[in-house]
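K.L.:
Data: entry.cif, mmCIF, N, CA and C atoms.
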```
data_data
#
loop_
_atom_site.group_PDB
_atom_site.id
_atom_site.type_symbol
_atom_site.label_atom_id
_atom_site.label_comp_id
_atom_site.auth_asym_id
_atom_site.auth_seq_id
_atom_site.Cartn_x
_atom_site.Cartn_y
_atom_site.Cartn_z
ATOM 1 N N MET A 19 -19.466 1.144 -7.501
ATOM 2 C CA MET A 19 -18.507 2.047 -6.910
ATOM 3 C C MET A 19 -18.716 2.160 -5.396
ATOM 4 N N ILE A 20 -19.989 2.165 -4.978
ATOM 5 C CA ILE A 20 -20.265 2.291 -3.552
ATOM 6 C C ILE A 20 -19.790 1.049 -2.806
ATOM 7 N N TYR A 21 -19.785 -0.091 -3.483
ATOM 8 C CA TYR A 21 -19.300 -1.306 -2.837
ATOM 9 C C TYR A 21 -17.793 -1.255 -2.623
ATOM 10 N N ALA A 22 -17.056 -0.739 -3.593
ATOM 11 C CA ALA A 22 -15.602 -0.607 -3.438
ATOM 12 C C ALA A 22 -15.280 0.348 -2.293
ATOM 13 N N LEU A 23 -16.035 1.434 -2.212
ATOM 14 C CA LEU A 23 -15.830 2.388 -1.128
ATOM 15 C C LEU A 23 -16.192 1.754 0.218
ATOM 16 N N SER A 24 -17.208 0.919 0.228
ATOM 17 C CA SER A 24 -17.612 0.253 1.469
ATOM 18 C C SER A 24 -16.567 -0.747 1.945
ATOM 19 N N VAL A 25 -15.845 -1.332 1.016
ATOM 20 C CA VAL A 25 -14.795 -2.272 1.403
ATOM 21 C C VAL A 25 -13.566 -1.526 1.905
ATOM 22 N N LEU A 26 -13.197 -0.448 1.222
ATOM 23 C CA LEU A 26 -11.964 0.262 1.570
ATOM 24 C C LEU A 26 -12.133 1.238 2.732
ATOM 25 N N LEU A 27 -13.227 1.993 2.747
ATOM 26 C CA LEU A 27 -13.522 2.959 3.811
ATOM 27 C C LEU A 27 -14.978 2.766 4.255
ATOM 28 N N PRO A 28 -15.232 1.758 5.085
ATOM 29 C CA PRO A 28 -16.614 1.389 5.406
ATOM 30 C C PRO A 28 -17.491 2.521 5.946
ATOM 31 N N PRO A 29 -17.048 3.337 6.917
ATOM 32 C CA PRO A 29 -17.953 4.381 7.408
ATOM 33 C C PRO A 29 -18.306 5.418 6.344
ATOM 34 N N LEU A 30 -17.345 5.760 5.499
ATOM 35 C CA LEU A 30 -17.617 6.731 4.439
ATOM 36 C C LEU A 30 -18.592 6.161 3.413
ATOM 37 N N GLY A 31 -18.427 4.892 3.082
ATOM 38 C CA GLY A 31 -19.361 4.252 2.157
ATOM 39 C C GLY A 31 -20.775 4.230 2.704
ATOM 40 N N LEU A 32 -20.906 3.979 4.001
ATOM 41 C CA LEU A 32 -22.230 3.971 4.617
ATOM 42 C C LEU A 32 -22.828 5.373 4.675
ATOM 43 N N LEU A 33 -21.998 6.360 4.963
ATOM 44 C CA LEU A 33 -22.501 7.741 4.992
ATOM 45 C C LEU A 33 -22.991 8.191 3.618
ATOM 46 N N LEU A 34 -22.231 7.877 2.591
ATOM 47 C CA LEU A 34 -22.621 8.277 1.237
ATOM 48 C C LEU A 34 -23.839 7.499 0.744
ATOM 49 N N ASN A 35 -24.108 6.373 1.358
ATOM 50 C CA ASN A 35 -25.290 5.588 1.007
ATOM 51 C C ASN A 35 -26.522 6.030 1.805
ATOM 52 N N GLY A 36 -26.350 6.995 2.698
ATOM 53 C CA GLY A 36 -27.476 7.513 3.465
ATOM 54 C C GLY A 36 -27.778 6.729 4.717
ATOM 55 N N GLN A 37 -26.754 6.177 5.364
ATOM 56 C CA GLN A 37 -26.942 5.383 6.568
ATOM 57 C C GLN A 37 -26.022 5.898 7.684
ATOM 58 N N PRO A 38 -26.362 7.029 8.293
ATOM 59 C CA PRO A 38 -25.463 7.606 9.297
ATOM 60 C C PRO A 38 -25.341 6.768 10.574
ATOM 61 N N PHE A 39 -26.415 6.127 11.014
ATOM 62 C CA PHE A 39 -26.334 5.325 12.237
ATOM 63 C C PHE A 39 -25.497 4.067 12.022
ATOM 64 N N SER A 40 -25.595 3.487 10.841
ATOM 65 C CA SER A 40 -24.752 2.333 10.521
ATOM 66 C C SER A 40 -23.291 2.745 10.433
ATOM 67 N N ALA A 41 -23.032 3.969 9.965
ATOM 68 C CA ALA A 41 -21.654 4.459 9.877
ATOM 69 C C ALA A 41 -21.058 4.637 11.273
ATOM 70 N N ILE A 42 -21.849 5.162 12.204
ATOM 71 C CA ILE A 42 -21.378 5.330 13.583
ATOM 72 C C ILE A 42 -21.129 3.971 14.222
ATOM 73 N N PHE A 43 -22.064 3.045 14.017
ATOM 74 C CA PHE A 43 -21.869 1.687 14.534
ATOM 75 C C PHE A 43 -20.616 1.057 13.938
ATOM 76 N N ASN A 44 -20.388 1.318 12.658
ATOM 77 C CA ASN A 44 -19.223 0.755 11.992
ATOM 78 C C ASN A 44 -17.932 1.327 12.559
ATOM 79 N N LEU A 45 -17.932 2.589 12.961
ATOM 80 C CA LEU A 45 -16.742 3.159 13.605
ATOM 81 C C LEU A 45 -16.430 2.431 14.911
ATOM 82 N N PHE A 46 -17.454 2.182 15.719
ATOM 83 C CA PHE A 46 -17.245 1.416 16.956
ATOM 84 C C PHE A 46 -16.769 0.001 16.641
ATOM 85 N N LEU A 47 -17.320 -0.574 15.595
ATOM 86 C CA LEU A 47 -16.921 -1.905 15.180
ATOM 87 C C LEU A 47 -15.462 -1.934 14.728
ATOM 88 N N ILE A 48 -15.019 -0.895 14.056
ATOM 89 C CA ILE A 48 -13.625 -0.811 13.621
ATOM 90 C C ILE A 48 -12.696 -0.760 14.829
ATOM 91 N N VAL A 49 -13.037 0.065 15.820
ATOM 92 C CA VAL A 49 -12.201 0.164 17.020
ATOM 93 C C VAL A 49 -12.110 -1.190 17.717
ATOM 94 N N PHE A 50 -13.255 -1.828 17.905
ATOM 95 C CA PHE A 50 -13.280 -3.134 18.556
ATOM 96 C C PHE A 50 -12.463 -4.158 17.767
ATOM 97 N N CYS A 51 -12.646 -4.181 16.453
ATOM 98 C CA CYS A 51 -11.979 -5.188 15.638
ATOM 99 C C CYS A 51 -10.481 -4.923 15.489
ATOM 100 N N VAL A 52 -10.052 -3.676 15.545
ATOM 101 C CA VAL A 52 -8.616 -3.399 15.494
ATOM 102 C C VAL A 52 -7.949 -3.875 16.780
ATOM 103 N N ILE A 53 -8.620 -3.667 17.907
ATOM 104 C CA ILE A 53 -8.050 -4.101 19.191
ATOM 105 C C ILE A 53 -7.937 -5.621 19.237
ATOM 106 N N PHE A 54 -9.022 -6.315 18.936
ATOM 107 C CA PHE A 54 -9.012 -7.767 19.018
ATOM 108 C C PHE A 54 -8.510 -8.427 17.739
ATOM 109 N N GLY A 55 -8.404 -7.667 16.663
ATOM 110 C CA GLY A 55 -7.904 -8.203 15.403
ATOM 111 C C GLY A 55 -6.421 -8.471 15.418
ATOM 112 N N LEU A 56 -5.718 -7.938 16.406
ATOM 113 C CA LEU A 56 -4.292 -8.225 16.519
ATOM 114 C C LEU A 56 -4.063 -9.690 16.868
ATOM 115 N N VAL A 57 -5.032 -10.291 17.554
ATOM 116 C CA VAL A 57 -4.939 -11.702 17.921
ATOM 117 C C VAL A 57 -5.714 -12.563 16.920
ATOM 118 N N PHE A 58 -6.944 -12.154 16.616
ATOM 119 C CA PHE A 58 -7.802 -12.875 15.674
ATOM 120 C C PHE A 58 -7.893 -12.060 14.386
ATOM 121 N N HIS A 59 -7.055 -12.364 13.434
ATOM 122 C CA HIS A 59 -6.913 -11.536 12.230
ATOM 123 C C HIS A 59 -8.174 -11.483 11.369
ATOM 124 N N VAL A 60 -9.026 -12.477 11.487
ATOM 125 C CA VAL A 60 -10.253 -12.492 10.693
ATOM 126 C C VAL A 60 -11.171 -11.330 11.082
ATOM 127 N N LEU A 61 -11.083 -10.878 12.314
ATOM 128 C CA LEU A 61 -11.931 -9.770 12.779
ATOM 129 C C LEU A 61 -11.675 -8.478 12.015
ATOM 130 N N LEU A 62 -10.542 -8.354 11.365
ATOM 131 C CA LEU A 62 -10.253 -7.135 10.605
ATOM 132 C C LEU A 62 -11.154 -7.001 9.368
ATOM 133 N N LEU A 63 -11.769 -8.093 8.956
ATOM 134 C CA LEU A 63 -12.664 -8.063 7.797
ATOM 135 C C LEU A 63 -14.114 -7.743 8.169
ATOM 136 N N VAL A 64 -14.442 -7.799 9.440
ATOM 137 C CA VAL A 64 -15.828 -7.631 9.888
ATOM 138 C C VAL A 64 -16.408 -6.251 9.550
ATOM 139 N N PRO A 65 -15.706 -5.126 9.779
ATOM 140 C CA PRO A 65 -16.312 -3.832 9.437
ATOM 141 C C PRO A 65 -16.616 -3.686 7.943
ATOM 142 N N SER A 66 -15.742 -4.186 7.098
ATOM 143 C CA SER A 66 -15.998 -4.116 5.659
ATOM 144 C C SER A 66 -17.179 -4.994 5.269
ATOM 145 N N ALA A 67 -17.260 -6.181 5.856
ATOM 146 C CA ALA A 67 -18.387 -7.069 5.567
ATOM 147 C C ALA A 67 -19.704 -6.435 6.029
ATOM 148 N N HIS A 68 -19.685 -5.812 7.194
ATOM 149 C CA HIS A 68 -20.885 -5.131 7.694
ATOM 150 C C HIS A 68 -21.314 -4.034 6.729
ATOM 151 N N ALA A 69 -20.369 -3.249 6.249
ATOM 152 C CA ALA A 69 -20.700 -2.152 5.347
ATOM 153 C C ALA A 69 -21.256 -2.661 4.019
ATOM 154 N N VAL A 70 -20.655 -3.686 3.461
ATOM 155 C CA VAL A 70 -21.129 -4.223 2.181
ATOM 156 C C VAL A 70 -22.529 -4.802 2.326
ATOM 157 N N ILE A 71 -22.774 -5.527 3.408
ATOM 158 C CA ILE A 71 -24.103 -6.103 3.625
ATOM 159 C C ILE A 71 -25.139 -5.007 3.855
ATOM 160 N N ALA A 72 -24.785 -3.975 4.614
ATOM 161 C CA ALA A 72 -25.721 -2.875 4.877
ATOM 162 C C ALA A 72 -26.046 -2.114 3.600
ATOM 163 N N VAL A 73 -25.051 -1.877 2.748
ATOM 164 C CA VAL A 73 -25.286 -1.185 1.469
ATOM 165 C C VAL A 73 -26.184 -2.039 0.582
ATOM 166 N N TYR A 74 -25.912 -3.339 0.528
ATOM 167 C CA TYR A 74 -26.733 -4.229 -0.295
ATOM 168 C C TYR A 74 -28.190 -4.230 0.170
ATOM 169 N N LEU A 75 -28.407 -4.339 1.478
ATOM 170 C CA LEU A 75 -29.769 -4.377 2.005
ATOM 171 C C LEU A 75 -30.506 -3.061 1.773
ATOM 172 N N LYS A 76 -29.803 -1.936 1.901
ATOM 173 C CA LYS A 76 -30.432 -0.629 1.671
ATOM 174 C C LYS A 76 -30.822 -0.471 0.197
ATOM 175 N N ARG A 77 -29.945 -0.901 -0.708
ATOM 176 C CA ARG A 77 -30.264 -0.816 -2.133
ATOM 177 C C ARG A 77 -31.415 -1.748 -2.488
ATOM 178 N N ASP A 78 -31.452 -2.925 -1.883
ATOM 179 C CA ASP A 78 -32.543 -3.852 -2.128
ATOM 180 C C ASP A 78 -33.860 -3.272 -1.622
ATOM 181 N N GLU A 79 -33.820 -2.609 -0.475
ATOM 182 C CA GLU A 79 -35.022 -1.957 0.067
ATOM 183 C C GLU A 79 -35.511 -0.855 -0.867
ATOM 184 N N ARG A 80 -34.585 -0.056 -1.394
ATOM 185 C CA ARG A 80 -34.965 1.002 -2.333
ATOM 186 C C ARG A 80 -35.586 0.418 -3.596
ATOM 187 N N ARG A 81 -34.993 -0.652 -4.120
ATOM 188 C CA ARG A 81 -35.511 -1.295 -5.326
ATOM 189 C C ARG A 81 -36.916 -1.833 -5.068
ATOM 190 N N HIS A 82 -37.117 -2.448 -3.917
ATOM 191 C CA HIS A 82 -38.439 -2.976 -3.568
ATOM 192 C C HIS A 82 -39.461 -1.841 -3.465
ATOM 193 N N ARG A 83 -39.064 -0.740 -2.831
ATOM 194 C CA ARG A 83 -39.961 0.401 -2.692
ATOM 195 C C ARG A 83 -40.358 0.961 -4.065
ATOM 196 N N GLU A 84 -39.416 0.998 -5.009
ATOM 197 C CA GLU A 84 -39.712 1.489 -6.358
ATOM 198 C C GLU A 84 -40.706 0.569 -7.067
ATOM 199 N N VAL A 85 -40.547 -0.732 -6.906
ATOM 200 C CA VAL A 85 -41.459 -1.681 -7.547
ATOM 201 C C VAL A 85 -42.858 -1.547 -6.955
ATOM 202 N N VAL A 86 -42.940 -1.437 -5.644
ATOM 203 C CA VAL A 86 -44.245 -1.290 -5.000
ATOM 204 C C VAL A 86 -44.915 0.010 -5.441
ATOM 205 N N GLU A 87 -44.158 1.067 -5.531
ATOM 206 C CA GLU A 87 -44.723 2.357 -5.975
ATOM 207 C C GLU A 87 -45.192 2.277 -7.426
ATOM 208 N N ALA A 88 -44.447 1.586 -8.279
ATOM 209 C CA ALA A 88 -44.861 1.430 -9.676
ATOM 210 C C ALA A 88 -46.147 0.613 -9.773
ATOM 211 N N ILE A 89 -46.277 -0.413 -8.938
ATOM 212 C CA ILE A 89 -47.507 -1.211 -8.948
ATOM 213 C C ILE A 89 -48.676 -0.380 -8.455
ATOM 214 N N ARG A 90 -48.448 0.466 -7.463
ATOM 215 C CA ARG A 90 -49.533 1.334 -6.971
ATOM 216 C C ARG A 90 -49.973 2.332 -8.038
ATOM 217 N N GLN A 91 -49.035 2.873 -8.785
ATOM 218 C CA GLN A 91 -49.367 3.880 -9.796
ATOM 219 C C GLN A 91 -50.001 3.275 -11.037
ATOM 220 N N HIS A 92 -49.460 2.153 -11.501
ATOM 221 C CA HIS A 92 -49.864 1.614 -12.802
ATOM 222 C C HIS A 92 -50.654 0.310 -12.723
ATOM 223 N N GLY A 93 -50.852 -0.214 -11.544
ATOM 224 C CA GLY A 93 -51.562 -1.472 -11.387
ATOM 225 C C GLY A 93 -50.637 -2.656 -11.557
ATOM 226 N N PRO A 94 -51.131 -3.831 -11.222
ATOM 227 C CA PRO A 94 -50.290 -5.034 -11.332
ATOM 228 C C PRO A 94 -50.018 -5.372 -12.799
ATOM 229 N N PRO A 95 -48.958 -6.120 -13.063
ATOM 230 C CA PRO A 95 -48.648 -6.511 -14.441
ATOM 231 C C PRO A 95 -49.701 -7.455 -14.986
ATOM 232 N N PRO A 96 -49.820 -7.552 -16.322
ATOM 233 C CA PRO A 96 -50.807 -8.457 -16.910
ATOM 234 C C PRO A 96 -50.557 -9.910 -16.503
ATOM 235 N N GLY A 97 -51.597 -10.608 -16.188
ATOM 236 C CA GLY A 97 -51.481 -12.004 -15.792
ATOM 237 C C GLY A 97 -51.187 -12.185 -14.315
ATOM 238 N N TYR A 98 -51.106 -11.101 -13.573
ATOM 239 C CA TYR A 98 -50.834 -11.190 -12.131
ATOM 240 C C TYR A 98 -52.112 -11.627 -11.425
ATOM 241 N N PRO A 99 -52.044 -12.698 -10.602
ATOM 242 C CA PRO A 99 -53.263 -13.165 -9.920
ATOM 243 C C PRO A 99 -53.739 -12.142 -8.877
ATOM 244 N N ARG A 100 -55.023 -11.894 -8.892
ATOM 245 C CA ARG A 100 -55.569 -10.928 -7.955
ATOM 246 C C ARG A 100 -56.256 -11.602 -6.821
#
```
Produce structure tokens that represent the structure in this file.
P.N.:
Amino acid sequence: MIYALSVLLPPLGLLLNGQPFSAIFNLFLIVFCVIFGLVFHVLLLVPSAHAVIAVYLKRDERRHREVVEAIRQHGPPPGYPR
């Protein structure tokens, strides 16, 4: 759901994902891309792509942090080389 929101309303998707600085940057990116997107239409996709990539990277970081915390609490999995 957050990905759909990031495609349709990129700054709101970033804000709801906990990335306020990326949302502000995305607003500036939207203004820039709307101005120059009138000539280069591909630029209109850049803010949405930025938001989707930022959401993906933030979720991947959270997942990695959870795995590291689980390893710290419970030790490495069986058969893990030490």
K.L.:
As number ranges by chain, please: every residue in chain A that a backbone DSSP assignment puts in helix (DSSP H, G or I).
P.N.:
A: 20-26, 28-34, 38-55, 59-92
K.L.:
Could you check how far atom N of Phe43 (chain A) sits from atom N of His68 (chain A), in Å to one decimal?
P.N.:
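Interatomic distance, atom N of Phe43 (chain A) to atom N of His68 (chain A): 11.4 Å.
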K.L.:
Between CA of Leu75 (chain A) and CA of Leu30 (chain A), what is the distance in Å, rounded to a tenth?
P.N.:
16.6 Å
K.L.:
Output, as AutoDock Vina command-line options, the centre and edge lengths in Å (one decimal) of the axis-aligned box that contains all listed atoms of region 60-68 of chain A with 3 Å of margin on each side.
P.N.:
```
--center_x -15.2 --center_y -8.1 --center_z 9.0 --size_x 18.3 --size_y 14.8 --size_z 13.5
```
K.L.:
Considering all atoms listed in the file, state which residue in the set A:Asn44, A:Leu33, A:His82, A:Phe39 is at the smallest distance from Ser66 (chain A).
P.N.:
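The closest residue to Ser66 (chain A) is A:Asn44.
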K.L.:
What lies within 8 Å of Pro65 (chain A) using only N, CA and C atoms, ignoring chain neighbours under 6 positions off, as a list in words?
P.N.:
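Contacts, in chain order: Ser24, Val25, Leu27, Pro28, Pro29, Phe43, Asn44, Leu45, Leu47, Ile48, Cys51 and Ile71 of chain A.
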K.L.:
To verify the selection step, state as an MDAnalysis selection string which residues the PyMOL selection byres (((chain A and resi 74 and name CA) around 12) and name CA) yields on this input.
P.N.:
chainID A and resid 20:21 24 31:32 35 37 67:73 75:81
K.L.:
If we count all atoms listed in the file and set the cut-off at 8 Å, which residues sit around Val52 (chain A), ignoring sequence neighbours fewer than 5 positions away in its own chain? Please answer as a CSV table (one decimal) with N, CA and C atoms, keeping the file's coordinate frame.
P.N.:
```
chain,number,residue,atom,x,y,z
A,46,PHE,N,-17.5,2.2,15.7
A,46,PHE,CA,-17.2,1.4,17.0
A,46,PHE,C,-16.8,0.0,16.6
A,47,LEU,N,-17.3,-0.6,15.6
A,47,LEU,CA,-16.9,-1.9,15.2
A,47,LEU,C,-15.5,-1.9,14.7
A,57,VAL,N,-5.0,-10.3,17.6
A,57,VAL,CA,-4.9,-11.7,17.9
A,57,VAL,C,-5.7,-12.6,16.9
A,61,LEU,N,-11.1,-10.9,12.3
A,61,LEU,CA,-11.9,-9.8,12.8
A,61,LEU,C,-11.7,-8.5,12.0
A,62,LEU,N,-10.5,-8.4,11.4
A,62,LEU,CA,-10.3,-7.1,10.6
A,62,LEU,C,-11.2,-7.0,9.4
```
K.L.:
Quick one: distance from atom N of Ala41 (chain A) to atom C of Val64 (chain A) in Å, one decimal?
P.N.:
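Between these atoms lies a distance of 12.2 Å.
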